>>> print(open('query-v8.cif').read())   # mmCIF, C-alpha atoms, pLDDT in the B column; chains and numbers go by the auth columns
data_protein
#
loop_
_atom_site.group_PDB
_atom_site.id
_atom_site.type_symbol
_atom_site.label_atom_id
_atom_site.label_comp_id
_atom_site.label_asym_id
_atom_site.label_seq_id
_atom_site.Cartn_x
_atom_site.Cartn_y
_atom_site.Cartn_z
_atom_site.B_iso_or_equiv
_atom_site.auth_seq_id
_atom_site.auth_asym_id
ATOM 1 C CA MET A 1 0.477 20.218 -15.390 59.00 257 H
ATOM 2 C CA LYS A 2 -1.886 17.292 -15.766 76.00 258 H
ATOM 3 C CA THR A 3 -2.265 15.113 -12.688 90.00 259 H
ATOM 4 C CA ARG A 4 -0.744 11.715 -13.496 96.00 260 H
ATOM 5 C CA VAL A 5 -1.231 9.247 -10.676 98.00 261 H
ATOM 6 C CA ALA A 6 0.714 6.079 -9.922 98.00 262 H
ATOM 7 C CA VAL A 7 -1.477 3.768 -7.852 98.00 263 H
ATOM 8 C CA ALA A 8 0.247 1.354 -5.474 97.00 264 H
ATOM 9 C CA MET A 9 -1.621 -1.893 -6.133 97.00 265 H
ATOM 10 C CA SER A 10 -1.554 -5.123 -4.127 92.00 266 H
ATOM 11 C CA GLY A 11 -4.332 -7.220 -5.615 92.00 267 H
ATOM 12 C CA GLY A 12 -6.609 -6.442 -2.663 92.00 268 H
ATOM 13 C CA VAL A 13 -9.932 -4.649 -2.666 95.00 269 H
ATOM 14 C CA ASP A 14 -8.716 -1.339 -1.206 96.00 270 H
ATOM 15 C CA SER A 15 -5.945 -0.565 -3.686 96.00 271 H
ATOM 16 C CA SER A 16 -8.075 -1.939 -6.534 97.00 272 H
ATOM 17 C CA VAL A 17 -10.990 0.359 -5.735 98.00 273 H
ATOM 18 C CA ALA A 18 -8.586 3.292 -5.304 98.00 274 H
ATOM 19 C CA ALA A 19 -7.249 2.671 -8.813 98.00 275 H
ATOM 20 C CA ALA A 20 -10.726 2.210 -10.278 97.00 276 H
ATOM 21 C CA LEU A 21 -12.108 5.398 -8.699 97.00 277 H
ATOM 22 C CA LEU A 22 -9.201 7.488 -9.950 97.00 278 H
ATOM 23 C CA ALA A 23 -9.611 6.111 -13.459 96.00 279 H
ATOM 24 C CA GLU A 24 -13.360 6.742 -13.278 96.00 280 H
ATOM 25 C CA GLN A 25 -12.724 10.332 -12.181 95.00 281 H
ATOM 26 C CA GLY A 26 -10.636 10.932 -15.291 95.00 282 H
ATOM 27 C CA TYR A 27 -7.128 10.921 -13.849 96.00 283 H
ATOM 28 C CA GLU A 28 -4.286 9.624 -15.986 97.00 284 H
ATOM 29 C CA ALA A 29 -3.542 6.644 -13.764 97.00 285 H
ATOM 30 C CA PHE A 30 -1.291 3.621 -13.923 98.00 286 H
ATOM 31 C CA GLY A 31 -0.747 0.765 -11.499 98.00 287 H
ATOM 32 C CA LEU A 32 2.514 -0.106 -9.782 98.00 288 H
ATOM 33 C CA MET A 33 3.069 -3.230 -7.728 96.00 289 H
ATOM 34 C CA LEU A 34 6.155 -4.094 -5.720 93.00 290 H
ATOM 35 C CA ARG A 35 7.788 -7.475 -5.406 90.00 291 H
ATOM 36 C CA THR A 36 9.147 -7.206 -1.879 87.00 292 H
ATOM 37 C CA GLY A 37 10.163 -10.758 -1.014 76.00 293 H
ATOM 38 C CA SER A 38 9.835 -12.628 2.266 73.00 294 H
ATOM 39 C CA ALA A 39 11.824 -13.184 5.429 64.00 295 H
ATOM 40 C CA THR A 40 13.145 -16.578 4.274 66.00 296 H
ATOM 41 C CA PRO A 41 13.237 -18.297 0.855 64.00 297 H
ATOM 42 C CA ASP A 42 10.605 -20.868 1.873 60.00 298 H
ATOM 43 C CA LEU A 43 7.971 -18.216 2.688 63.00 299 H
ATOM 44 C CA THR A 44 5.723 -16.340 0.265 67.00 300 H
ATOM 45 C CA ASN A 45 5.051 -12.653 0.756 66.00 301 H
ATOM 46 C CA ARG A 46 1.296 -12.222 1.145 65.00 302 H
ATOM 47 C CA CYS A 47 1.321 -8.862 -0.609 71.00 303 H
ATOM 48 C CA CYS A 48 3.029 -9.905 -3.816 74.00 304 H
ATOM 49 C CA SER A 49 2.446 -13.586 -4.496 81.00 305 H
ATOM 50 C CA PRO A 50 2.004 -14.648 -8.143 85.00 306 H
ATOM 51 C CA HIS A 51 -1.747 -14.778 -7.465 87.00 307 H
ATOM 52 C CA ASP A 52 -1.735 -11.236 -6.062 90.00 308 H
ATOM 53 C CA ILE A 53 0.174 -9.955 -9.078 93.00 309 H
ATOM 54 C CA ALA A 54 -2.254 -11.706 -11.422 94.00 310 H
ATOM 55 C CA MET A 55 -5.245 -10.194 -9.604 94.00 311 H
ATOM 56 C CA ALA A 56 -3.774 -6.683 -9.653 95.00 312 H
ATOM 57 C CA ARG A 57 -2.997 -7.039 -13.368 96.00 313 H
ATOM 58 C CA HIS A 58 -6.576 -8.236 -13.963 96.00 314 H
ATOM 59 C CA VAL A 59 -8.005 -5.249 -12.094 96.00 315 H
ATOM 60 C CA ALA A 60 -5.803 -2.824 -14.054 97.00 316 H
ATOM 61 C CA ALA A 61 -7.012 -4.356 -17.308 97.00 317 H
ATOM 62 C CA THR A 62 -10.621 -4.174 -16.097 95.00 318 H
ATOM 63 C CA VAL A 63 -10.411 -0.442 -15.362 95.00 319 H
ATOM 64 C CA GLY A 64 -8.249 0.265 -18.397 97.00 320 H
ATOM 65 C CA ILE A 65 -4.975 1.460 -16.928 98.00 321 H
ATOM 66 C CA PRO A 66 -1.371 0.344 -17.550 98.00 322 H
ATOM 67 C CA PHE A 67 0.215 -1.927 -14.948 98.00 323 H
ATOM 68 C CA TYR A 68 3.856 -2.467 -13.999 98.00 324 H
ATOM 69 C CA VAL A 69 5.698 -4.612 -11.445 97.00 325 H
ATOM 70 C CA LEU A 70 8.839 -3.286 -9.730 96.00 326 H
ATOM 71 C CA ASP A 71 11.388 -5.491 -7.993 93.00 327 H
ATOM 72 C CA ALA A 72 12.087 -4.031 -4.548 92.00 328 H
ATOM 73 C CA GLN A 73 13.325 -7.200 -2.840 90.00 329 H
ATOM 74 C CA VAL A 74 16.859 -5.994 -2.063 92.00 330 H
ATOM 75 C CA THR A 75 15.673 -2.656 -0.667 93.00 331 H
ATOM 76 C CA PHE A 76 12.853 -4.293 1.295 89.00 332 H
ATOM 77 C CA GLN A 77 15.272 -6.759 2.865 89.00 333 H
ATOM 78 C CA SER A 78 17.693 -4.047 3.965 91.00 334 H
ATOM 79 C CA GLN A 79 15.136 -1.416 5.029 91.00 335 H
ATOM 80 C CA VAL A 80 12.332 -3.516 6.532 89.00 336 H
ATOM 81 C CA ILE A 81 13.127 -7.179 7.206 85.00 337 H
ATOM 82 C CA SER A 82 16.681 -6.807 8.556 86.00 338 H
ATOM 83 C CA PRO A 83 15.785 -3.909 10.911 85.00 339 H
ATOM 84 C CA PHE A 84 12.763 -5.954 12.087 83.00 340 H
ATOM 85 C CA LEU A 85 15.002 -8.854 13.114 83.00 341 H
ATOM 86 C CA GLU A 86 17.700 -6.599 14.562 85.00 342 H
ATOM 87 C CA SER A 87 15.170 -4.725 16.710 84.00 343 H
ATOM 88 C CA TYR A 88 13.980 -7.906 18.399 81.00 344 H
ATOM 89 C CA ALA A 89 17.588 -8.953 18.956 79.00 345 H
ATOM 90 C CA GLN A 90 18.110 -5.654 20.805 84.00 346 H
ATOM 91 C CA GLY A 91 14.955 -6.066 22.910 83.00 347 H
ATOM 92 C CA VAL A 92 12.936 -3.485 20.963 82.00 348 H
ATOM 93 C CA THR A 93 9.498 -4.204 19.489 83.00 349 H
ATOM 94 C CA PRO A 94 9.528 -2.919 15.891 83.00 350 H
ATOM 95 C CA ASN A 95 6.715 -1.663 13.688 85.00 351 H
ATOM 96 C CA PRO A 96 7.785 -2.740 10.189 85.00 352 H
ATOM 97 C CA CYS A 97 4.724 -1.115 8.579 87.00 353 H
ATOM 98 C CA LEU A 98 6.085 2.327 9.512 89.00 354 H
ATOM 99 C CA SER A 99 9.448 1.476 7.968 89.00 355 H
ATOM 100 C CA CYS A 100 7.753 0.098 4.861 91.00 356 H
ATOM 101 C CA ASN A 101 5.690 3.229 4.314 91.00 357 H
ATOM 102 C CA ARG A 102 8.602 5.586 4.912 92.00 358 H
ATOM 103 C CA GLU A 103 11.346 3.716 3.041 93.00 359 H
ATOM 104 C CA ILE A 104 9.529 1.525 0.513 94.00 360 H
ATOM 105 C CA ARG A 105 6.173 2.996 -0.527 95.00 361 H
ATOM 106 C CA TRP A 106 7.048 6.680 -0.153 96.00 362 H
ATOM 107 C CA GLY A 107 10.753 6.092 -0.795 96.00 363 H
ATOM 108 C CA PHE A 108 11.538 3.450 -3.398 96.00 364 H
ATOM 109 C CA LEU A 109 8.070 3.373 -4.983 97.00 365 H
ATOM 110 C CA LEU A 110 7.480 7.130 -5.020 97.00 366 H
ATOM 111 C CA ASP A 111 10.911 7.737 -6.561 97.00 367 H
ATOM 112 C CA HIS A 112 10.169 5.269 -9.356 97.00 368 H
ATOM 113 C CA ALA A 113 6.679 6.702 -9.860 98.00 369 H
ATOM 114 C CA LEU A 114 8.040 10.229 -10.265 97.00 370 H
ATOM 115 C CA ALA A 115 10.720 8.956 -12.646 98.00 371 H
ATOM 116 C CA MET A 116 7.914 7.409 -14.719 97.00 372 H
ATOM 117 C CA GLY A 117 6.213 10.777 -15.049 97.00 373 H
ATOM 118 C CA ALA A 118 3.739 10.599 -12.171 98.00 374 H
ATOM 119 C CA THR A 119 2.853 13.725 -10.225 97.00 375 H
ATOM 120 C CA HIS A 120 1.251 11.789 -7.365 97.00 376 H
ATOM 121 C CA LEU A 121 1.262 8.406 -5.669 98.00 377 H
ATOM 122 C CA ALA A 122 -2.095 7.005 -4.561 98.00 378 H
ATOM 123 C CA THR A 123 -2.737 4.129 -2.163 97.00 379 H
ATOM 124 C CA GLY A 124 -5.721 2.373 -0.645 96.00 380 H
ATOM 125 C CA HIS A 125 -5.032 3.608 2.882 96.00 381 H
ATOM 126 C CA TYR A 126 -7.931 4.804 4.999 97.00 382 H
ATOM 127 C CA ALA A 127 -6.713 8.309 5.732 97.00 383 H
ATOM 128 C CA ARG A 128 -7.100 11.744 4.183 98.00 384 H
ATOM 129 C CA VAL A 129 -4.635 14.283 2.872 96.00 385 H
ATOM 130 C CA ILE A 130 -5.580 17.896 2.211 95.00 386 H
ATOM 131 C CA HIS A 131 -3.465 19.951 -0.190 92.00 387 H
ATOM 132 C CA ASP A 132 -3.564 23.674 0.520 87.00 388 H
ATOM 133 C CA GLY A 133 -1.169 25.304 -1.905 81.00 389 H
ATOM 134 C CA PRO A 134 2.361 24.269 -0.921 83.00 390 H
ATOM 135 C CA ASN A 135 1.139 22.753 2.335 88.00 391 H
ATOM 136 C CA SER A 136 -0.361 19.295 2.847 94.00 392 H
ATOM 137 C CA ARG A 137 -2.049 17.947 5.966 94.00 393 H
ATOM 138 C CA LEU A 138 -2.670 14.350 6.975 96.00 394 H
ATOM 139 C CA LEU A 139 -6.050 13.649 8.602 97.00 395 H
ATOM 140 C CA ARG A 140 -7.753 10.579 9.974 97.00 396 H
ATOM 141 C CA GLY A 141 -9.948 8.535 7.670 96.00 397 H
ATOM 142 C CA LEU A 142 -13.703 8.938 7.830 95.00 398 H
ATOM 143 C CA ASP A 143 -14.087 5.284 8.848 94.00 399 H
ATOM 144 C CA ARG A 144 -12.534 5.424 12.324 93.00 400 H
ATOM 145 C CA ARG A 145 -12.591 1.625 12.593 93.00 401 H
ATOM 146 C CA LYS A 146 -10.260 1.433 9.590 95.00 402 H
ATOM 147 C CA ASP A 147 -8.291 4.652 10.081 96.00 403 H
ATOM 148 C CA GLN A 148 -4.639 4.208 9.018 95.00 404 H
ATOM 149 C CA SER A 149 -3.351 7.740 9.490 96.00 405 H
ATOM 150 C CA TYR A 150 -1.009 6.456 12.199 94.00 406 H
ATOM 151 C CA VAL A 151 1.080 4.397 9.782 92.00 407 H
ATOM 152 C CA LEU A 152 1.317 7.412 7.462 95.00 408 H
ATOM 153 C CA SER A 153 2.423 9.787 10.212 93.00 409 H
ATOM 154 C CA VAL A 154 6.065 9.139 9.288 93.00 410 H
ATOM 155 C CA LEU A 155 5.676 10.877 5.899 94.00 411 H
ATOM 156 C CA ASN A 156 7.314 14.250 5.444 93.00 412 H
ATOM 157 C CA ALA A 157 5.825 17.341 3.800 93.00 413 H
ATOM 158 C CA VAL A 158 7.306 16.596 0.382 94.00 414 H
ATOM 159 C CA GLN A 159 5.987 13.023 0.392 96.00 415 H
ATOM 160 C CA LEU A 160 2.532 14.159 1.510 96.00 416 H
ATOM 161 C CA GLY A 161 2.551 16.722 -1.282 96.00 417 H
ATOM 162 C CA HIS A 162 2.752 13.884 -3.807 97.00 418 H
ATOM 163 C CA THR A 163 0.105 11.765 -2.074 97.00 419 H
ATOM 164 C CA MET A 164 -3.500 10.994 -2.970 98.00 420 H
ATOM 165 C CA LEU A 165 -5.745 8.854 -0.745 98.00 421 H
ATOM 166 C CA PRO A 166 -8.982 8.127 -2.642 97.00 422 H
ATOM 167 C CA LEU A 167 -10.551 6.059 0.151 98.00 423 H
ATOM 168 C CA GLY A 168 -10.178 8.573 2.955 97.00 424 H
ATOM 169 C CA ASP A 169 -13.802 9.712 2.816 97.00 425 H
ATOM 170 C CA LEU A 170 -15.241 6.202 2.458 97.00 426 H
ATOM 171 C CA THR A 171 -16.127 3.387 4.826 97.00 427 H
ATOM 172 C CA LYS A 172 -14.994 -0.165 4.192 96.00 428 H
ATOM 173 C CA GLN A 173 -18.554 -1.124 3.294 96.00 429 H
ATOM 174 C CA GLN A 174 -18.711 1.668 0.717 97.00 430 H
ATOM 175 C CA VAL A 175 -15.395 0.559 -0.757 97.00 431 H
ATOM 176 C CA ARG A 176 -16.722 -2.963 -1.246 97.00 432 H
ATOM 177 C CA GLU A 177 -19.920 -1.544 -2.760 97.00 433 H
ATOM 178 C CA HIS A 178 -17.832 0.439 -5.250 97.00 434 H
ATOM 179 C CA GLY A 179 -15.891 -2.725 -6.038 96.00 435 H
ATOM 180 C CA ARG A 180 -19.103 -4.587 -6.846 97.00 436 H
ATOM 181 C CA ARG A 181 -20.488 -1.647 -8.842 96.00 437 H
ATOM 182 C CA LEU A 182 -17.301 -1.530 -10.901 94.00 438 H
ATOM 183 C CA GLN A 183 -17.363 -5.330 -11.261 94.00 439 H
ATOM 184 C CA LEU A 184 -13.898 -5.769 -9.810 95.00 440 H
ATOM 185 C CA PRO A 185 -12.926 -9.422 -9.252 92.00 441 H
ATOM 186 C CA VAL A 186 -11.554 -8.616 -5.769 94.00 442 H
ATOM 187 C CA ALA A 187 -14.620 -6.766 -4.426 91.00 443 H
ATOM 188 C CA ASP A 188 -15.287 -9.378 -1.739 88.00 444 H
ATOM 189 C CA ARG A 189 -11.742 -10.575 -1.162 87.00 445 H
ATOM 190 C CA ASN A 190 -10.809 -11.168 2.473 82.00 446 H
ATOM 191 C CA GLU A 191 -8.341 -8.881 4.193 77.00 447 H
ATOM 192 C CA SER A 192 -4.918 -9.945 5.373 68.00 448 H
ATOM 193 C CA GLN A 193 -3.722 -8.195 8.510 63.00 449 H
ATOM 194 C CA ASP A 194 -0.558 -10.091 9.395 66.00 450 H
ATOM 195 C CA LEU A 195 2.987 -9.103 8.447 70.00 451 H
ATOM 196 C CA CYS A 196 3.273 -9.653 4.706 78.00 452 H
ATOM 197 C CA PHE A 197 6.830 -10.986 4.701 71.00 453 H
ATOM 198 C CA LEU A 198 6.061 -13.786 7.172 69.00 454 H
ATOM 199 C CA GLY A 199 3.787 -15.643 4.756 65.00 455 H
ATOM 200 C CA GLY A 200 1.337 -16.517 7.530 65.00 456 H
ATOM 201 C CA GLN A 201 4.048 -17.775 9.885 68.00 457 H
ATOM 202 C CA ASP A 202 4.090 -16.571 13.490 66.00 458 H
ATOM 203 C CA TYR A 203 6.934 -14.076 13.944 65.00 459 H
ATOM 204 C CA ARG A 204 8.171 -16.070 16.946 67.00 460 H
ATOM 205 C CA GLN A 205 8.824 -19.046 14.691 67.00 461 H
ATOM 206 C CA LEU A 206 11.003 -16.853 12.522 65.00 462 H
ATOM 207 C CA LEU A 207 12.878 -15.363 15.466 62.00 463 H
ATOM 208 C CA ALA A 208 13.602 -18.850 16.813 62.00 464 H
ATOM 209 C CA THR A 209 15.518 -19.676 13.634 66.00 465 H
ATOM 210 C CA GLN A 210 17.723 -16.582 13.725 60.00 466 H
#
>>> encode(input="query-v8.cif", output="structure tokens")
Amino acid sequence: MKTRVAVAMSGGVDSSVAAALLAEQGYEAFGLMLRTGSATPDLTNRCCSPHDIAMARHVAATVGIPFYVLDAQVTFQSQVISPFLESYAQGVTPNPCLSCNREIRWGFLLDHALAMGATHLATGHYARVIHDGPNSRLLRGLDRRKDQSYVLSVLNAVQLGHTMLPLGDLTKQQVREHGRRLQLPVADRNESQDLCFLGGQDYRQLLATQ
């Protein structure tokens, strides 16, 4: 069976380079981007704004792969945002990125990718996955300053078996260099490290309104 890879794209440099490298290596790749919504109607999700979608679409066109947008707002609200708010109400500090990876990226998104004929889902995470026959192992990324294996530790064996992580053996600097070499418009784009569904708002401001 030919390896057909759905690449989770966000419009950022990491997912863009992951998509470009897979296309360059000859994989049958296509881009998928999720519209996940925000905590309140007046906020804009920093991972799926109209600008982000436009940039991801531009990158896909640049590297010559199809690109699709999936609406995951209802699922994201019920599986990520609502549990985030409920956890604080119960005095528990949540980690919504773990929930997002388990329920959204390797739940909702992976299911849709497989239904679209993909054999694997690739992301721009800095971690490595080794496939040894029916077994798959998650390892830390080569760039220990960027390692994201922790947020992928919630994946089960089946999900890991469908996973590709093209950036696991690269440093952030090398990823940007690949972006420039491939003439990607997001090669030097700044990173966003806050919670995407807060739109730049401090989480305490949101909690005060609940």
>>> resolve_selection(input="query-v8.cif", expression="the PyMOL selection byres ((chain H and resi 318-323) around 8)", output="CSV table (one decimal) with C-alpha atoms, in the frame of the given file")
chain,number,residue,atom,x,y,z
H,275,ALA,CA,-7.2,2.7,-8.8
H,276,ALA,CA,-10.7,2.2,-10.3
H,279,ALA,CA,-9.6,6.1,-13.5
H,285,ALA,CA,-3.5,6.6,-13.8
H,286,PHE,CA,-1.3,3.6,-13.9
H,287,GLY,CA,-0.7,0.8,-11.5
H,288,LEU,CA,2.5,-0.1,-9.8
H,289,MET,CA,3.1,-3.2,-7.7
H,313,ARG,CA,-3.0,-7.0,-13.4
H,314,HIS,CA,-6.6,-8.2,-14.0
H,315,VAL,CA,-8.0,-5.2,-12.1
H,316,ALA,CA,-5.8,-2.8,-14.1
H,317,ALA,CA,-7.0,-4.4,-17.3
H,324,TYR,CA,3.9,-2.5,-14.0
H,325,VAL,CA,5.7,-4.6,-11.4
H,440,LEU,CA,-13.9,-5.8,-9.8
>>> resolve_selection(input="query-v8.cif", expression="the PyMOL selection byres ((chain H and resi 258-268) around 8)", output="VMD selection string")
chain H and resid 257 269 to 272 274 to 275 283 to 290 303 to 304 308 to 313 315 361 369 373 to 380 442 445 447
>>> atom_distance(input="query-v8.cif", atom1="atom CA of H:Ser294", atom2="atom CA of H:Leu451")
9.9 Å
>>> residues_around(input="query-v8.cif", residues="H:Asp425", least_positions_apart="6", cutoff="9 Å", atoms="all atoms listed in the file", output="PDB file with C-alpha atoms, keeping the file's coordinate frame")
ATOM      1  CA  TYR H 382      -7.931   4.804   4.999  1.00 97.00           C
ATOM      2  CA  ALA H 383      -6.713   8.309   5.732  1.00 97.00           C
ATOM      3  CA  ARG H 384      -7.100  11.744   4.183  1.00 98.00           C
ATOM      4  CA  GLY H 397      -9.948   8.535   7.670  1.00 96.00           C
ATOM      5  CA  LEU H 398     -13.703   8.938   7.830  1.00 95.00           C
ATOM      6  CA  ASP H 399     -14.087   5.284   8.848  1.00 94.00           C
TER       7      ASP H 399
END
>>> closest_residue(input="query-v8.cif", among="H:Pro339, H:Pro390, H:Gly282, H:Pro306", to="H:Leu416", atoms="all atoms listed in the file")
H:Pro390
>>> closest_residue(input="query-v8.cif", among="H:Val273, H:Arg358, H:Asp388, H:Gln415", to="H:Arg432", atoms="all atoms listed in the file")
H:Val273
>>> resolve_selection(input="query-v8.cif", expression="the PyMOL selection byres ((chain H and resi 362) around 10)", output="JSON, numbers by chain")
{"H": [355, 356, 357, 358, 359, 360, 361, 363, 364, 365, 366, 367, 368, 369, 377, 408, 410, 411, 412, 414, 415, 416, 418, 419]}
>>> atom_distance(input="query-v8.cif", atom1="atom CA of H:Leu423", atom2="atom CA of H:Gly435")
12.0 Å
>>> atom_distance(input="query-v8.cif", atom1="atom CA of H:Gly417", atom2="atom CA of H:Cys353")
20.5 Å
>>> closest_residue(input="query-v8.cif", among="H:Asn391, H:Ser305, H:Ser409, H:Gln346", to="H:Thr292", atoms="only C-alpha atoms")
H:Ser305
